[in-house]
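**Q** Can you keep this structure in mind? I'll have questions shortly.
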Amino acid sequence: MDVKLPQLAEGVEGGTVVSILVAEGQEVKKDQAIMELETQKAVGSIPSPSAGVVTKIHVKQGMEVSVGQLLISIEGGGPQSAASVKPTQAPASSAAPAADASAPRAATPTAAAKSAEDYRYESKSGAPPPAPPSIRKIAREIGLDLTRVRGSEAGGRINLADVRAYIQRLQDISGQGSSQSGGAQSTTAPMTTPGESVDFSKWGPVRREKLSPLRRTVSRRMVESWTSIPKINQFWEADITSLLALRKKHAGAYEKKGAHLTLTSFLLFVLARALKKHPRANSSLDESSQEIIYKDYIHIGVAVDTEGGLIVPILRNVDQKSLLQLSEELHTLTEKTRQRKISIEELQGGTFTISNQGSIGGSHFTPIIYAPQVAILGVGQGQSKPVAVDGKIAIRTILPVCLAYDHRALDGADAVRFLKDVVAGVETFDEAGLKLK
Amino acid sequence: MEPISTEIVVLGAGPGGYAAAFYAADKGKKVMLVEQNPRLGGICLNVGCIPSKALLHAAEVLREAKDSAHRGIEFGHPKIDLDKLRTWKESILDKLGQGVAGLAKQRGVQVVHGRGHFEDSQTLRVETSDGQKFIRYEKAVIAVGSKPAMPNAFDLGNKRVMTSTEALELPDIPQDLLVVGGGYIGMELGTVYAALGSNVVVLEALPSILTGVDPDLVRPVARAAQKAFKEIRVNTKVQKMATAGKQIKVTLEIDKQPREELYDRVLVSVGRAPNLADLGLENTKVTKDDKGFIQCNDRQQTEDPNIYAIGDVNGGVLLAHRAAKEARIAVEAMLGEASTFDNVVIPAVVYTDPEVAWCGLTETEAKAKNIEVKVAKFLWGASGRALTLDRTDGLTKLIIEPETERILGVGIAGAHAGDLISEGVLAVEMGATARDLAETVHPHPTLSETLMEAAESFYGTATHTFSRRTP
């Protein structure tokens, strides 16, 4: 059987082979790691979908591979060839040819569509993609192959919105015409319209470095965010003098527990409460269904500066955690991220992001929203400044913050009310929250 | 003779045929429906589903009355008036037959009574009581159904050797009845006659009754039947039969030794064969498979582009509701719609005591095809409703795809399993997950809760059973 690169996670279309862990002629067990792949934000292993003997390895170390690409061939592995992948929750992600037999005889999508979305529903049990009869009827009528439509509901079930989104994507692609014909490769690094090629060596020596998958993701995400979100930046200055005093008072106790009490942990604590009060700042827009999606969970992404570039791991259920837990988790997560040991799962599902550059320096800056989130908090360095307190000039530590928000989801007043609560939470932080239980 | 012209002619007015005729008429087509039997409704209504279920209801009442004794209610020995029972059963068939005829009339479907014979790919000859009629059609639907198979060796020309058709006529209550074939028809009619008072012996050539059904679903039926019947013999074959006065002498092969036994009547239920003899198919391009069933594509179209075939004539599972679904597909295909018989879940129900019903993938099938599944089960002993009905001999199970938790199949054994399975069919058709079923509130106390509890047990959190497995 042929093992192909499965769909790793939503939005991840490929990666670079870091290492190959098996050799031709070697026997492998089911779920044994066969190779390591650097995808956009993490290094993950690809497990073998079945037991057998490796007959051929089709890729090399350092090679870029995309979803659906043939990786290795295994013999004696039984008829089921479904390469599902461990670190993702994406259901039915594999490359078995078995499901083709049951696929409806629908028109095959255009070549352009293929390059844009190599998704194919595969089921170990050979079952056709899960979709209610009404949706299957629509698909038959318009000649749509449902195995290509990614279902968003439980178990990968396809609903009408998924079909709409798929058709919309096909239309978008056909609208782009032949300029995008680079196959799956081009989707791995779509820098939108690449600028005019300039020969910089005319003016002196240059050095060229290939963009890493991570750099490409960052650049793609940033362009998407910049071009698609009508964004507003709301500035504020928070007086953190008393917060710093509190930190000083309790830092020792936290250290004894092995936790670093940082400004970011305080901000996470405060943000969780503010997001609960202002659910819109924790929401997402679904343009295809014209709906606003409120999330009953608060997972906050924290921008981490790593050698390879910006990575944003997610802290889950921030509202349910104590300051101690947050401090500990933040530390572990940051370390894991810096060492690039973070899994793709730990980078997904964020509802809000915080970017704290204070440890490096700088004042106000305007962060870019991490779509499909609708807001992000940019935090600069706290500085001692003379300010008016009760009519008198006092020296206080002032933290510059900026809330960037998507004006489609939040109006100015909403955003200011939210930020006001965040600032108030920081300025009048309740010491009770610091108690170690 | 001038042929009558029509857009669509449907041959056979069973649950497939009349459904096709009515649907085509509803879609604005000119339709003729040809049926040789004076009463419409086909096998299902006349000598199949409906009469057997009427008799099974009577059997259930008898059993319930008997079982009531231990609940403190005694009725005494039942008096059975066979003529009256037969009349009641016939009255149901008449009512339904008239209903179908009435619906045909309201829709302007012209019913022609007589035997049809294809002259060519566009002409059907019908032998009616007023002579031959020729129908010139654009499209034809063959829906003539099947009949009980009667192997030549058993065909003695003796009325004491019956098929299901004769057995449903209730000629008498034989003291000793042999049922040859432990499939659903043999088991259902065996249940009827056992309740009426016959000593029923069921013979099955294979190692189990209800072959093909998951063994755990068969178990409650086998257990109840062993109590109600005189005997169930598996791995047993009939070598020959002969008339012996007012009885039938049956030579059996048990452990390779022949043995002779005498029975008052024998019911042969060893399968069904399509009613395709003398239909004139050789005058069309319609082809048949090696078992004699019509070959057609998933749009119900035969090799003859003008002729569609639905229901039992196509082989596979011979079920009325499959025929009705195929009727819709055939009509939509004729109208140029993109319908196909693809990915359609056909539930099956065996009306034994207790009933067995299933849909989608079965555990047996998953094993045979080497498909990895998880099975979640709920035993009815923990169902309050089952206890109040005094029917704890039941089991509900879900066949689940492990990665997606999608429900691929449902199996139920127990009272009213046939009515309960529809929720399972909907779940499979909708691509529902076990979570969907577990999260759906089911009324209490009902047997339908067993579906929810089976789904909950998949997560180790069924309220009324304890699972050691941590979720």
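Going by the structure tokens order, chains are called A, B, ..., each with residues numbered from 1, while ligands are numbered from 1 in the order shown.
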For stretch 95-103 of chain B, work out the shell of residues within 12 Å, counting only C-alpha atoms and skipping chain neighbours fewer than 4 positions away, then give it as a PyMOL selection string.

**A** chain B and resi 13-15+17-19+21-23+25-26+33+35+37-46+50-51+88-91+107-113

**Q** Counting only C-alpha atoms, which residues from chain A have an atom at most 7 Å from any atom of chain B, and could you show them as a CSV table (one decimal) with C-alpha atoms, in the first residue's frame?

**A**
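Output file out-v6.csv is given in full below:
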chain,number,residue,atom,x,y,z
A,91,PRO,CA,-11.2,13.1,11.2
A,92,ALA,CA,-10.9,10.8,8.3
A,124,LYS,CA,-11.2,3.3,7.2
A,125,SER,CA,-14.5,1.6,7.0
A,130,PRO,CA,-21.1,11.7,6.2
A,131,ALA,CA,-23.8,14.0,4.9
A,132,PRO,CA,-27.6,14.1,5.4
A,133,PRO,CA,-29.7,12.8,2.5
A,140,ARG,CA,-26.0,14.9,-7.0
A,141,GLU,CA,-28.0,17.5,-8.7
A,154,ALA,CA,-19.1,16.3,14.4
A,155,GLY,CA,-17.5,13.4,12.8
A,157,ARG,CA,-20.4,15.7,8.7

**Q** For A:Met222, work out the shell of residues within 12 Å, counting only C-alpha atoms and skipping chain neighbours fewer than 5 positions away, then give it as a PDB file with C-alpha atoms, in the first residue's frame.

**A**
ATOM      1  CA  PRO A 190       1.091  31.929  -1.512  1.00  0.00           C
ATOM      2  CA  MET A 191       2.722  35.317  -1.075  1.00  0.00           C
ATOM      3  CA  THR A 192      -0.287  36.623  -2.982  1.00  0.00           C
ATOM      4  CA  ARG A 215       8.196  32.305   7.774  1.00  0.00           C
ATOM      5  CA  ARG A 216       5.873  31.590   4.876  1.00  0.00           C
ATOM      6  CA  THR A 217       2.962  30.980   7.191  1.00  0.00           C
ATOM      7  CA  THR A 227      -5.947  42.889   3.500  1.00  0.00           C
ATOM      8  CA  SER A 228      -9.147  41.338   4.791  1.00  0.00           C
ATOM      9  CA  ILE A 229      -9.804  42.935   8.167  1.00  0.00           C
ATOM     10  CA  LEU A 310       6.981  34.297  15.697  1.00  0.00           C
ATOM     11  CA  PRO A 367      -0.480  44.571  16.422  1.00  0.00           C
ATOM     12  CA  ILE A 368      -2.036  42.625  13.550  1.00  0.00           C
ATOM     13  CA  ILE A 369      -5.168  40.649  14.297  1.00  0.00           C
ATOM     14  CA  TYR A 370      -4.744  36.903  14.193  1.00  0.00           C
ATOM     15  CA  ALA A 371      -7.723  35.949  12.044  1.00  0.00           C
ATOM     16  CA  PRO A 372     -10.262  34.436  12.550  1.00  0.00           C
TER      17      PRO A 372
END

**Q** How would you write, as a ChimeraX atom specification, the set of residues in stretch 197-446 of chain B that DSSP gives as alpha helix (DSSP H)?

**A** /B:215-228,320-334,363-368,384-388,417-429,434-439

**Q** Leaving out B:Asp390 and any residue of its chain fewer than 4 positions from it, which residues lie within 12 Å of it when counting only C-alpha atoms, given as a list in words?

**A** Glu64, Asp67, Ser68, His70, Arg71, Pro354, Trp380, Gly381, Ser383, Gly384, Arg385, Ala386, Gly394, Gly414 and Ala415 of chain B

**Q** What is the distance between atom CA of A:Arg338 and atom CA of A:Thr306, in Å to one decimal?

**A**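 Atom CA of A:Thr306 lies 5.1 Å from atom CA of A:Arg338.
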
**Q** Do you know which residues are at most 9 Å from A:His299 counting only C-alpha atoms, after dropping those on the same chain fewer than 2 positions away, and could you put them as a compact mmCIF listing (two decimals) with N, CA and C atoms, in the first residue's frame?

**A**
# COMPACT_ATOMS: atom_id res chain seq x y z
N ALA A 272 -9.01 37.22 30.69
CA ALA A 272 -10.02 36.16 30.73
C ALA A 272 -11.32 36.69 31.30
N ASN A 282 -14.32 37.89 22.04
CA ASN A 282 -13.86 36.49 22.04
C ASN A 282 -14.52 35.72 20.89
N TYR A 297 -15.59 29.31 25.41
CA TYR A 297 -14.31 28.98 26.03
C TYR A 297 -13.36 30.14 25.77
N GLY A 301 -4.00 33.06 22.92
CA GLY A 301 -2.70 32.85 22.29
C GLY A 301 -1.69 33.86 22.83
N ILE A 314 -1.19 28.36 22.40
CA ILE A 314 -2.48 28.72 23.01
C ILE A 314 -2.58 28.19 24.45
N LEU A 315 -2.96 29.05 25.34
CA LEU A 315 -3.31 28.62 26.70
C LEU A 315 -4.81 28.38 26.75
N ARG A 316 -5.18 27.17 27.20
CA ARG A 316 -6.60 26.80 27.16
C ARG A 316 -7.33 27.21 28.44
N ASN A 317 -8.60 27.47 28.28
CA ASN A 317 -9.50 27.72 29.41
C ASN A 317 -8.88 28.63 30.46
N VAL A 318 -8.39 29.75 29.98
CA VAL A 318 -7.67 30.68 30.85
C VAL A 318 -8.56 31.14 32.01
N ASP A 319 -9.86 31.28 31.74
CA ASP A 319 -10.76 31.77 32.77
C ASP A 319 -10.92 30.79 33.94
N GLY A 349 -7.06 26.87 17.83
CA GLY A 349 -8.24 27.08 18.66
C GLY A 349 -8.19 28.32 19.55
N GLY A 350 -7.27 29.22 19.29
CA GLY A 350 -7.20 30.44 20.09
C GLY A 350 -8.40 31.35 19.85
N THR A 351 -8.79 32.09 20.87
CA THR A 351 -9.94 32.98 20.72
C THR A 351 -9.53 34.46 20.83
N PHE A 352 -8.31 34.69 21.31
CA PHE A 352 -7.82 36.06 21.51
C PHE A 352 -6.31 35.94 21.61
N THR A 353 -5.59 37.02 21.30
CA THR A 353 -4.13 36.91 21.36
C THR A 353 -3.54 38.10 22.11

**Q** Can you list, as JSON, numbers by chain, every protein, DNA or RNA residue that comes within 6 Å of A:Ser363 when you count only C-alpha atoms, leaving out same-chain residues fewer than 5 positions away?

**A** {"A": [380, 381, 400]}
